Structures are given as structure tokens and as C-alpha cells.
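Shown below: data_5.txt, with compact mmCIF, C-alpha atoms (C1' of nucleotides).
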# COMPACT_ATOMS: atom_id res chain seq x y z
CA MET I 28 37.43 61.76 275.22
CA PRO I 29 34.85 62.38 272.54
CA THR I 30 36.71 63.85 269.65
CA ALA I 31 35.16 64.45 266.30
CA SER I 32 38.18 62.88 264.66
CA THR I 33 37.52 59.47 266.15
CA ARG I 34 33.86 59.48 265.27
CA SER I 35 33.03 55.99 264.13
CA THR I 36 29.78 54.83 262.62
CA PRO I 37 27.11 57.24 261.47
CA SER I 38 27.75 60.94 261.53
CA PRO I 39 24.94 63.26 262.45
CA THR I 40 24.46 63.72 258.77
CA GLY I 41 24.19 59.98 258.42
CA LEU I 42 21.54 60.04 261.05
CA GLN I 43 19.62 62.71 259.21
CA CYS I 44 19.80 60.63 256.06
CA ARG I 45 18.61 57.62 257.88
CA MET I 46 15.76 59.54 259.38
CA ALA I 47 14.76 60.92 256.02
CA LEU I 48 14.88 57.49 254.46
CA LEU I 49 12.79 56.01 257.19
CA GLY I 50 10.40 58.92 257.23
CA ALA I 51 11.21 59.02 260.90
CA ASP I 52 9.17 61.37 262.92
CA VAL I 53 11.48 62.48 265.72
CA ARG I 54 12.86 65.83 266.46
CA LEU I 55 16.63 65.50 266.39
CA THR I 56 17.60 67.05 269.68
CA PRO I 57 21.18 66.99 270.93
CA HIS I 58 20.33 64.40 273.55
CA ARG I 59 18.63 62.09 271.10
CA ARG I 60 21.53 62.48 268.75
CA GLU I 61 23.98 61.53 271.46
CA VAL I 62 21.95 58.56 272.54
CA PHE I 63 21.75 57.43 268.97
CA GLU I 64 25.46 57.89 268.42
CA VAL I 65 26.35 55.95 271.51
CA LEU I 66 24.18 53.14 270.31
CA ALA I 67 25.38 53.30 266.74
CA SER I 68 28.95 52.95 267.87
CA SER I 69 28.22 50.09 270.27
CA THR I 70 28.03 46.50 269.22
CA ASP I 71 27.31 45.08 272.63
CA HIS I 72 23.59 45.76 272.91
CA PRO I 73 23.73 48.04 275.91
CA THR I 74 20.96 48.41 278.44
CA ALA I 75 19.35 51.75 279.22
CA THR I 76 21.70 52.30 282.13
CA ASP I 77 24.70 51.33 280.00
CA VAL I 78 23.64 53.96 277.51
CA PHE I 79 23.09 56.41 280.34
CA ASP I 80 26.63 55.84 281.62
CA ARG I 81 28.16 56.24 278.18
CA VAL I 82 26.25 59.37 277.28
CA LYS I 83 27.00 60.85 280.68
CA ALA I 84 30.69 60.68 279.88
CA ARG I 85 30.10 63.40 277.31
CA THR I 86 27.05 65.10 278.73
CA PRO I 87 27.18 64.72 282.48
CA SER I 88 23.97 66.61 283.00
CA ILE I 89 21.74 64.14 281.20
CA SER I 90 19.24 62.27 283.32
CA LEU I 91 18.25 58.63 283.17
CA ALA I 92 14.68 59.67 282.49
CA THR I 93 15.83 61.48 279.38
CA VAL I 94 17.78 58.45 278.22
CA TYR I 95 14.66 56.32 278.59
CA ASN I 96 12.69 58.95 276.79
CA CYS I 97 15.19 59.19 273.93
CA LEU I 98 15.39 55.44 273.59
CA GLU I 99 11.64 55.24 273.39
CA HIS I 100 11.35 57.91 270.72
CA LEU I 101 14.21 56.50 268.67
CA THR I 102 12.64 53.07 268.93
CA SER I 103 9.22 54.17 267.82
CA ALA I 104 10.80 56.13 264.99
CA GLY I 105 12.39 52.88 263.87
CA LEU I 106 15.96 54.12 264.23
CA ILE I 107 16.91 51.61 266.86
CA LYS I 108 15.49 48.38 268.15
CA GLN I 109 14.64 47.18 271.60
CA VAL I 110 15.75 43.65 272.36
CA HIS I 111 14.41 41.28 275.01
CA LEU I 112 16.57 38.27 275.49
CA GLU I 113 15.75 37.31 279.02
CA ARG I 114 13.92 38.83 281.90
CA GLY I 115 15.36 41.98 283.33
CA GLN I 116 16.65 44.96 281.46
CA SER I 117 15.81 45.69 277.87
CA ARG I 118 18.73 46.04 275.53
CA TYR I 119 19.01 48.29 272.53
CA CYS I 120 20.66 48.00 269.16
CA ALA I 121 21.14 50.26 266.18
CA ASN I 122 21.80 47.49 263.70
CA LEU I 123 18.80 47.64 261.42
CA HIS I 124 20.00 44.95 259.06
CA GLU I 125 18.10 41.73 259.33
CA HIS I 126 19.76 39.73 262.03
CA VAL I 127 19.20 37.52 265.01
CA HIS I 128 20.75 37.66 268.44
CA PHE I 129 23.02 35.06 269.87
CA HIS I 130 23.03 35.21 273.64
CA CYS I 131 25.71 33.52 275.70
CA GLU I 132 24.05 32.19 278.82
CA THR I 133 27.38 32.01 280.60
CA CYS I 134 28.87 35.47 280.15
CA GLY I 135 25.78 37.31 278.95
CA LYS I 136 27.41 38.52 275.78
CA VAL I 137 25.13 39.24 272.83
CA ILE I 138 26.32 38.76 269.27
CA ASP I 139 24.51 39.66 266.06
CA ALA I 140 24.17 36.80 263.62
CA HIS I 141 23.03 37.17 260.08
CA PRO I 142 20.82 34.97 257.98
CA ALA I 143 22.64 32.46 255.83
CA ALA I 144 21.12 33.39 252.49
CA ASP I 145 17.87 34.78 251.25
CA PHE I 146 16.08 33.55 254.29
CA ASP I 147 12.34 34.05 254.26
CA PRO I 148 11.22 33.47 257.82
CA ALA I 149 7.54 33.84 257.13
CA LYS I 150 7.25 30.59 255.27
CA PHE I 151 8.61 28.37 258.02
CA TRP I 152 5.79 28.58 260.50
CA VAL I 153 2.13 27.94 260.16
CA LEU I 154 0.22 30.92 261.47
CA PRO I 155 -3.55 31.18 261.82
CA LYS I 156 -5.05 32.65 258.68
CA GLY I 157 -5.65 36.38 258.77
CA THR I 158 -2.56 36.93 260.87
CA LYS I 159 -0.48 39.91 259.84
CA VAL I 160 3.22 39.76 260.64
CA THR I 161 5.10 42.96 261.34
CA ARG I 162 8.37 41.69 262.72
CA MET I 163 10.18 38.69 264.13
CA ASP I 164 12.52 38.41 267.06
CA ILE I 165 14.86 35.49 266.95
CA ALA I 166 17.10 34.74 269.89
CA ILE I 167 19.58 31.91 269.93
CA HIS I 168 20.76 30.95 273.40
CA GLY I 169 23.83 28.94 274.19
CA THR I 170 27.49 29.24 275.00
CA CYS I 171 29.93 31.43 273.15
CA ASP I 172 33.27 30.19 271.88
CA ALA I 173 35.26 31.71 274.75
CA CYS I 174 32.99 30.32 277.46
CA ALA I 175 32.78 26.93 275.77
CA ALA I 176 36.59 26.78 275.72
CA LYS I 177 36.82 27.46 279.44
CA SER I 178 34.66 24.50 280.42
CA MET X 9 9.89 14.15 264.29
CA PRO X 10 7.84 15.05 267.34
CA THR X 11 5.55 12.39 268.66
CA ALA X 12 1.80 12.41 268.13
CA SER X 13 0.48 15.42 269.97
CA THR X 14 -1.90 14.65 272.77
CA ARG X 15 -2.37 18.09 274.12
CA SER X 16 -4.86 17.85 276.93
CA THR X 17 -4.64 18.19 280.68
CA PRO X 18 -1.89 15.80 281.69
CA SER X 19 -2.76 13.68 284.68
CA PRO X 20 -0.42 13.60 287.64
CA THR X 21 0.69 10.28 286.28
CA GLY X 22 1.40 11.94 282.96
CA LEU X 23 3.51 14.43 284.82
CA GLN X 24 5.46 11.69 286.54
CA CYS X 25 6.08 10.05 283.17
CA ARG X 26 7.20 13.29 281.74
CA MET X 27 9.52 13.89 284.63
CA ALA X 28 10.99 10.43 284.29
CA LEU X 29 11.51 10.87 280.57
CA LEU X 30 13.16 14.20 281.06
CA GLY X 31 15.21 12.99 283.98
CA ALA X 32 13.73 15.96 285.74
CA ASP X 33 15.08 16.71 289.10
CA VAL X 34 12.20 18.26 290.99
CA ARG X 35 10.41 17.00 293.99
CA LEU X 36 6.79 16.72 293.03
CA THR X 37 5.08 18.61 295.81
CA PRO X 38 1.35 19.31 295.75
CA HIS X 39 1.95 22.97 294.96
CA ARG X 40 4.28 22.24 292.10
CA ARG X 41 1.84 19.74 290.75
CA GLU X 42 -0.97 22.27 290.86
CA VAL X 43 1.11 24.95 289.22
CA PHE X 44 2.07 22.52 286.52
CA GLU X 45 -1.50 21.40 285.99
CA VAL X 46 -2.77 24.94 285.72
CA LEU X 47 -0.15 25.62 283.11
CA ALA X 48 -0.67 22.38 281.24
CA SER X 49 -4.35 23.14 280.89
CA SER X 50 -3.79 26.73 279.77
CA THR X 51 -3.08 27.72 276.21
CA ASP X 52 -2.85 31.44 276.83
CA HIS X 53 0.68 31.69 278.19
CA PRO X 54 -0.22 33.05 281.60
CA THR X 55 2.00 35.30 283.66
CA ALA X 56 3.09 34.40 287.19
CA THR X 57 0.20 36.34 288.67
CA ASP X 58 -2.25 34.71 286.26
CA VAL X 59 -1.00 31.34 287.47
CA PHE X 60 -1.23 32.56 291.04
CA ASP X 61 -4.88 33.55 290.58
CA ARG X 62 -5.76 30.26 288.95
CA VAL X 63 -4.03 28.09 291.49
CA LYS X 64 -5.55 30.12 294.30
CA ALA X 65 -9.00 29.14 293.11
CA ARG X 66 -8.21 25.62 294.25
CA THR X 67 -5.65 26.26 296.96
CA PRO X 68 -6.43 29.65 298.47
CA SER X 69 -3.57 29.44 300.91
CA ILE X 70 -0.81 29.42 298.29
CA SER X 71 1.43 32.47 298.19
CA LEU X 72 2.78 34.33 295.20
CA ALA X 73 6.32 33.58 296.36
CA THR X 74 5.56 29.90 296.16
CA VAL X 75 4.17 30.25 292.67
CA TYR X 76 7.35 32.01 291.57
CA ASN X 77 9.37 29.34 293.27
CA CYS X 78 7.41 26.50 291.63
CA LEU X 79 7.63 28.15 288.23
CA GLU X 80 11.36 28.47 288.62
CA HIS X 81 11.87 24.86 289.62
CA LEU X 82 9.58 23.53 286.91
CA THR X 83 11.41 25.69 284.39
CA SER X 84 14.86 24.56 285.38
CA ALA X 85 13.65 20.98 285.38
CA GLY X 86 12.60 21.55 281.78
CA LEU X 87 8.94 20.81 282.39
CA ILE X 88 7.75 24.24 281.37
CA LYS X 89 9.20 27.17 279.50
CA GLN X 90 9.54 30.80 280.34
CA VAL X 91 8.65 33.16 277.54
CA HIS X 92 9.72 36.77 277.05
CA LEU X 93 7.84 38.51 274.31
CA GLU X 94 8.10 42.09 275.39
CA ARG X 95 9.21 43.92 278.42
CA GLY X 96 7.22 43.36 281.57
CA GLN X 97 5.98 40.11 282.98
CA SER X 98 7.39 36.77 281.97
CA ARG X 99 4.92 34.28 280.60
CA TYR X 100 4.97 30.53 280.97
CA CYS X 101 4.00 27.65 278.77
CA ALA X 102 3.85 23.90 279.15
CA ASN X 103 3.91 23.12 275.45
CA LEU X 104 7.27 21.44 274.99
CA HIS X 105 6.79 20.67 271.32
CA GLU X 106 8.92 22.75 269.05
CA HIS X 107 7.03 25.90 268.38
CA VAL X 108 7.27 29.64 268.06
CA HIS X 109 5.10 32.33 269.60
CA PHE X 110 2.90 34.65 267.66
CA HIS X 111 2.20 37.78 269.64
CA CYS X 112 -0.63 40.12 268.73
CA GLU X 113 0.56 43.64 269.41
CA THR X 114 -3.00 44.89 269.51
CA CYS X 115 -4.72 42.59 271.99
CA GLY X 116 -1.67 40.96 273.52
CA LYS X 117 -2.83 37.44 272.74
CA VAL X 118 -0.13 34.81 272.31
CA ILE X 119 -0.61 31.90 269.93
CA ASP X 120 1.66 28.90 269.46
CA ALA X 121 2.71 28.30 265.87
CA HIS X 122 4.45 25.20 264.68
CA PRO X 123 7.20 24.74 262.17
CA ALA X 124 6.05 24.04 258.64
CA ALA X 125 8.05 20.90 258.04
CA ASP X 126 11.34 19.45 259.12
CA PHE X 127 12.64 22.84 260.01
CA ASP X 128 16.24 22.91 261.09
CA PRO X 129 16.77 26.34 262.59
CA ALA X 130 20.47 25.93 263.16
CA LYS X 131 21.38 26.06 259.51
CA PHE X 132 19.79 29.41 258.77
CA TRP X 133 22.08 31.67 260.68
CA VAL X 134 25.80 32.10 260.61
CA LEU X 135 27.14 31.91 264.13
CA PRO X 136 30.74 32.47 265.20
CA LYS X 137 32.59 29.19 265.21
CA GLY X 138 32.79 27.44 268.56
CA THR X 139 29.33 28.64 269.48
CA LYS X 140 27.17 26.04 271.17
CA VAL X 141 23.43 26.42 270.75
CA THR X 142 21.13 25.20 273.49
CA ARG X 143 17.81 26.70 272.49
CA MET X 144 16.12 29.24 270.28
CA ASP X 145 13.32 31.65 271.06
CA ILE X 146 11.37 32.80 268.10
CA ALA X 147 8.71 35.43 268.48
CA ILE X 148 6.58 36.67 265.62
CA HIS X 149 4.89 39.98 266.28
CA GLY X 150 1.95 41.35 264.41
CA THR X 151 -1.81 41.51 264.40
CA CYS X 152 -4.09 38.54 264.95
CA ASP X 153 -7.00 37.76 262.66
CA ALA X 154 -9.61 39.22 265.01
CA CYS X 155 -7.73 42.48 265.54
CA ALA X 156 -6.88 42.80 261.85
CA ALA X 157 -10.58 42.44 261.01
CA LYS X 158 -11.54 45.28 263.37
CA SER X 159 -9.31 47.82 261.70
C1' DA Y 14 6.86 5.67 315.43
C1' DT Y 15 10.61 9.50 316.27
C1' DG Y 16 14.15 12.63 315.42
C1' DT Y 17 16.61 15.12 312.24
C1' DA Y 18 18.31 17.49 308.30
C1' DA Y 19 17.11 19.26 304.06
C1' DA Y 20 13.79 21.27 301.21
C1' DA Y 21 9.43 23.83 300.62
C1' DT Y 22 6.48 27.41 301.89
C1' DT Y 23 5.27 31.73 303.70
C1' DA Y 24 4.61 36.91 304.45
C1' DG Y 25 6.67 40.67 303.96
C1' DA Y 26 10.72 43.49 302.91
C1' DA Y 27 13.93 44.76 299.45
C1' DT Y 28 15.44 45.44 294.84
C1' DC Y 29 15.48 46.60 290.18
C1' DA Y 30 13.89 48.43 285.92
C1' DT Y 31 10.85 51.35 284.22
C1' DT Y 32 7.19 54.74 284.04
C1' DC Y 33 4.85 58.64 285.74
C1' DC Y 34 4.55 63.43 287.30
C1' DA Y 35 4.88 68.15 287.86
C1' DA Y 36 8.03 71.78 287.25
C1' DT Y 37 11.34 73.90 284.30
C1' DT Y 38 13.73 74.77 280.04
C1' DC Y 39 14.18 74.72 275.27
C1' DT Y 40 12.50 75.27 270.26
C1' DA Y 41 10.09 76.62 266.40
C1' DA Y 42 6.73 79.25 264.36
C1' DT Y 43 4.15 83.12 264.64
C1' DA U 1 9.88 88.87 271.24
C1' DT U 2 5.76 85.74 272.43
C1' DT U 3 3.92 81.72 273.00
C1' DA U 4 2.49 77.01 272.45
C1' DG U 5 4.22 72.63 272.23
C1' DA U 6 8.11 69.51 273.09
C1' DA U 7 11.94 68.02 275.69
C1' DT U 8 14.23 67.51 279.89
C1' DT U 9 14.64 67.00 284.70
C1' DG U 10 14.69 64.93 289.56
C1' DG U 11 12.19 62.49 292.24
C1' DA U 12 8.19 59.80 293.37
C1' DA U 13 5.47 55.84 292.14
C1' DT U 14 4.72 51.42 290.15
C1' DG U 15 5.14 46.66 289.00
C1' DA U 16 7.51 42.46 288.65
C1' DT U 17 10.53 39.77 290.74
C1' DT U 18 13.81 38.24 294.20
C1' DC U 19 15.42 37.93 298.80
C1' DT U 20 15.10 36.93 303.77
C1' DA U 21 14.21 34.86 307.84
C1' DA U 22 10.92 32.19 310.16
C1' DT U 23 7.89 28.23 309.94
C1' DT U 24 6.22 23.97 308.11
C1' DT U 25 6.63 19.81 305.61
C1' DT U 26 9.03 15.86 303.85
C1' DA U 27 12.20 12.02 303.42
C1' DC U 28 14.95 9.20 305.64
C1' DA U 29 17.64 7.01 309.26
C1' DT U 30 16.96 5.46 313.79

Write out the structure in this file as C-alpha cells.
Amino acid sequence: MPTASTRSTPSPTGLQCRMALLGADVRLTPHRREVFEVLASSTDHPTATDVFDRVKARTPSISLATVYNCLEHLTSAGLIKQVHLERGQSRYCANLHEHVHFHCETCGKVIDAHPAADFDPAKFWVLPKGTKVTRMDIAIHGTCDACAAKS
Amino acid sequence: MPTASTRSTPSPTGLQCRMALLGADVRLTPHRREVFEVLASSTDHPTATDVFDRVKARTPSISLATVYNCLEHLTSAGLIKQVHLERGQSRYCANLHEHVHFHCETCGKVIDAHPAADFDPAKFWVLPKGTKVTRMDIAIHGTCDACAAKS
DNA sequence: ATGTAAAATTAGAATCATTCCAATTCTAAT
DNA sequence: ATTAGAATTGGAATGATTCTAATTTTACAT
């Protein structure tokens, strides 16, 4: 099923670019590349086992341990992000644009939502002085359109 | 818009009031009361086992299963909140005022931070139409003053 | 008071996600 | 080609949480 012609999102070259831009310090092994590509072409914030299943479709020999390992390296290289919306499995996403996650509490779906304008989060909360902010995680929980319609 | 903040150890009576106000549907058993009191007098966002240890100091016979059970009931009654800052243990907090969590990635400390003014989160992100928002979780990650000073 | 049904509590087993480990294979630079 | 350092692997180990089935407590009707 994986044909080069249907390759969506970033090509390996795109990945290399991205890595260069980010000064990412990861060796680009075939497995890591595949894990990244699966993630880059997914918009549903898959869990580690979701990624495992998808990568396995192309590379049946890969192990779950390797997927975890790849996800960890890609995360610490800044190429992907780990998302924690609720207890249980971590989810992963390759969307590095500033965004927040909408989480439907009924069907579990996760949707990226983008800031309305030039939103500067830092100025909205009073933090103790001396605090250094590195990142923010914003999760909006509720009911998606489809689930809201059903009830 | 929030009321004057009296953030001290709520008395059992305070808890009853709170329950009444919230229309909370939990039977107020001694264990649940103790779990709630431990949480209400903690500002460090303890984990379930932290709560277990603290409650056990007063009620050595309590079991971890009961603590989990109490935390779940108190959470679904809206008396406390479950917090997920990173993967691993859930944390709990009894501060129901609107606030966000600052998480120090160095020492793990969690600090409540309050919105600067009349902050209306809903208007900052573009959500698909039909979406119904029930709550937001905002986590700010970084380095606390003390840890920043050390490095 | 007493009996009863429902809810709470318990210890321990089971589950689930993740991490660790030790052995093997691959890679990149001598 | 050699070799050290990574990457990968399967499986074991861990840690947090949930489940289960038995027991106790509670609220309420009698």
C-alpha cells in the first residue's frame, strides 16, 4: 500500500530540511524516518500503539520498543510533540505550528485549533517572578460537532 | 468575577456548603471527607499515592483503592480536579478558581497561576463550528525561580 | 430497633502503558 | 575490514490505575 506516488506531507528531503532548520540532533535511521512519516501524514494524534500498527503495515519487523524509542528521540529533537490530554496513553503530533488541542470527551477525537490572531499567551497569566517559560500546553475539552448533534 | 478567595483548610461544613452550591452528588463518607480535606489543605498538587500517604497518617486503615475511589467520586462531583501535566501519575487539586498550572521541568514543582484580568479563553482559538467547550486545561512548562537561579 | 438493599471499602489480582535490559545488528569513521 | 558507538529487538520488569469479589457500612423502610 505504501507507494511513493501517494506520499503526502513531508518527503524525506523535507524531513532533512526540517532537521537542519531545527538543528535537530537525531540520526535519521529508516525506522525513525518511517515513524516520522506516519506521524506527519496523520492528523488524528495517534498513540504509540497506533503508530506501531501503522508503521508495521510497511515494516512488519519493527518492534513496539523501537517505536517508543523513535518517538522519544524525535520528540527530544523537537520534530514531533507528545500530547497528554487525559490519563492513559500519550499521543503524538507532527504539527509544529502553534496550536491547541480540542478533545471531544464523547468520541475521543482530537482536533488541532489555531490561535485567533497574534495571540501572546505569556501575558495572560501571572507567574511568580523569575519563572522561565519554555512551552505551553493548552487543551480544550468538550463535545465535537458530530457528537453534539447526536445528543 | 470569582469571589473573594479564602483559600484555607475548608471545614467539613465548608465542604457541605460547597457540595450544596455545586449540587454535588456524592455521599459524604468519612473517607471522602478526609481525602477532600487533605487535598484542600495541600497546594502541591499531590498524586494519588501522595494523598494515600497523607490520609493514612490519620486513618491508617484506609486502602489505596479507596483513595482512588474517593478521588474519582470527588472529581466527578466537581469538588476537585484531576490534572495531567506529563505522562505518569495524575495529580489532584482542590483549587476550583480559574487557574492554570505552571510546571517546573527541573524540580517537578507545580504552581497555580491565575489569569491576569477578565480573561476569556474561548475567544482566542478558532474551533470548528458546533463544538461545545466544557473546560480548558492550560499547562505552562518551564523552570521555576529557584531552579533557574541554580543554573 | 431490625432487616434489607444499595453503596462504600477492602485486599489483592489484573491490566495497560511504558521503560528497562541484555543480546544482537547496524553504521560510520578509522 | 575493524571497531566503537548507536539502534533495534523481544521479553521481562515496573508503575499507575482499574477491576473483582468479598465484606462492611449506611440509609431507609418496617

Within 9 Å of chain I, which residues of chain Y come that close, and what is the closest atom pair and distance in Å for each? Count all atoms listed in the file and give it as a tab-separated table.
residue	atom	partner	partner_atom	distance
Y:DC29	C1'	I:Gly115	CA	8.3
Y:DA30	C1'	I:Gln116	CA	6.3
Y:DT31	C1'	I:Tyr95	CA	8.4

Kindly provide the residues of chain I that approach chain X to within 8 Å, each paired with its closest atom pair and their distance in Å to one decimal, based on all atoms listed in the file, listed by chain and increasing number, as CSV.
residue,atom,partner,partner_atom,distance
I:His111,CA,X:Glu94,CA,6.4
I:Leu112,CA,X:His92,CA,7.2
I:Glu113,CA,X:His92,CA,6.4
I:Arg114,CA,X:His92,CA,6.7
I:Ser117,CA,X:Arg95,CA,6.9
I:Val127,CA,X:Trp133,CA,7.8
I:Phe129,CA,X:Leu135,CA,7.7
I:Ala140,CA,X:Leu135,CA,5.7
I:His141,CA,X:Trp133,CA,5.6
I:Pro142,CA,X:Trp133,CA,4.4
I:Ala143,CA,X:Trp133,CA,4.9
I:Ala144,CA,X:Phe132,CA,7.6
I:Phe146,CA,X:Phe132,CA,7.1
I:Lys150,CA,X:Ala124,CA,7.5
I:Phe151,CA,X:Ala124,CA,5.1
I:Trp152,CA,X:Pro123,CA,4.4
I:Val153,CA,X:Ala124,CA,5.7
I:Leu154,CA,X:Ala121,CA,5.7
I:Pro155,CA,X:Asp153,CA,7.5
I:Lys156,CA,X:Asp153,CA,6.8
I:Gly157,CA,X:Asp153,CA,4.3
I:Thr158,CA,X:Cys152,CA,4.6
I:Lys159,CA,X:Thr151,CA,5.0
I:Val160,CA,X:Gly150,CA,4.3
I:Thr161,CA,X:Gly150,CA,4.7
I:Arg162,CA,X:His149,CA,5.3
I:Met163,CA,X:Ile148,CA,4.4
I:Asp164,CA,X:Ala147,CA,5.0
I:Ile165,CA,X:Ile146,CA,4.6
I:Ala166,CA,X:Asp145,CA,5.0
I:Ile167,CA,X:Met144,CA,4.4
I:His168,CA,X:Arg143,CA,5.3
I:Gly169,CA,X:Val141,CA,4.3
I:Thr170,CA,X:Lys140,CA,5.0
I:Cys171,CA,X:Thr139,CA,4.6
I:Asp172,CA,X:Gly138,CA,4.3
I:Ala173,CA,X:Gly138,CA,7.9
I:Ala175,CA,X:Gly138,CA,7.2

Fill in the blank from the handout: In-order C-alpha superposition of chain X on chain I by least squares yields an RMSD of 5.3 Å

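Near chain I, counting all atoms listed in the file at 10 Å, the chain U residues are DA6, DA7, DT8, DT9, DG10, DA16 and DT17 of chain U.
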
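Taking only C-alpha atoms (C1' of nucleotides) into account, the polymer residues that have an atom no farther than 12 Å from (6.9, 38.7, 302.6) are Ser71, Leu72, Ala73 and Thr74 of chain X; DT22, DT23, DA24, DG25, DA26 and DA27 of chain Y; DT18, DC19, DT20, DA21 and DA22 of chain U.
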
Handout entry: Within 10 Å of Leu123 of chain I using all atoms listed in the file, minus same-chain residues under 4 positions, as a VMD selection string
Key = chain I and resid 105 to 108

Exercise for the section: Find the residue from U:DA4, U:DA12, U:DT30, U:DT25 that sits nearest to DT32 of chain Y; use all atoms listed in the file when measuring. Expected result: U:DA12

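If you count all atoms listed in the file and ignore residues fewer than 3 places along the chain from Arg85 of chain I, what sits within 12 Å of it is Met28, Pro29, Thr30, Pro57, His58, Glu61, Val62, Glu64, Val65, Val78, Phe79, Asp80, Arg81, Val82, Ser88 and Ile89 of chain I.
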
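The coordinates place atom C1' of DC34 of chain Y at 24.3 Å from atom CA of Ala104 of chain I.
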
Practice task
For atom CA of Thr67 of chain X and atom CA of Phe44 of chain X, quote the distance in Å rounded to one decimal.
Solution key: 13.5 Å

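From atom CA of Pro73 of chain I back to atom CA of His124 of chain I, the distance works out to 17.5 Å.
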
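Proximity to DA20 of chain Y was assessed for X:Val34, X:Thr114, X:Leu82, X:Ser49 counting all atoms listed in the file; the smallest distance is recorded for X:Val34.
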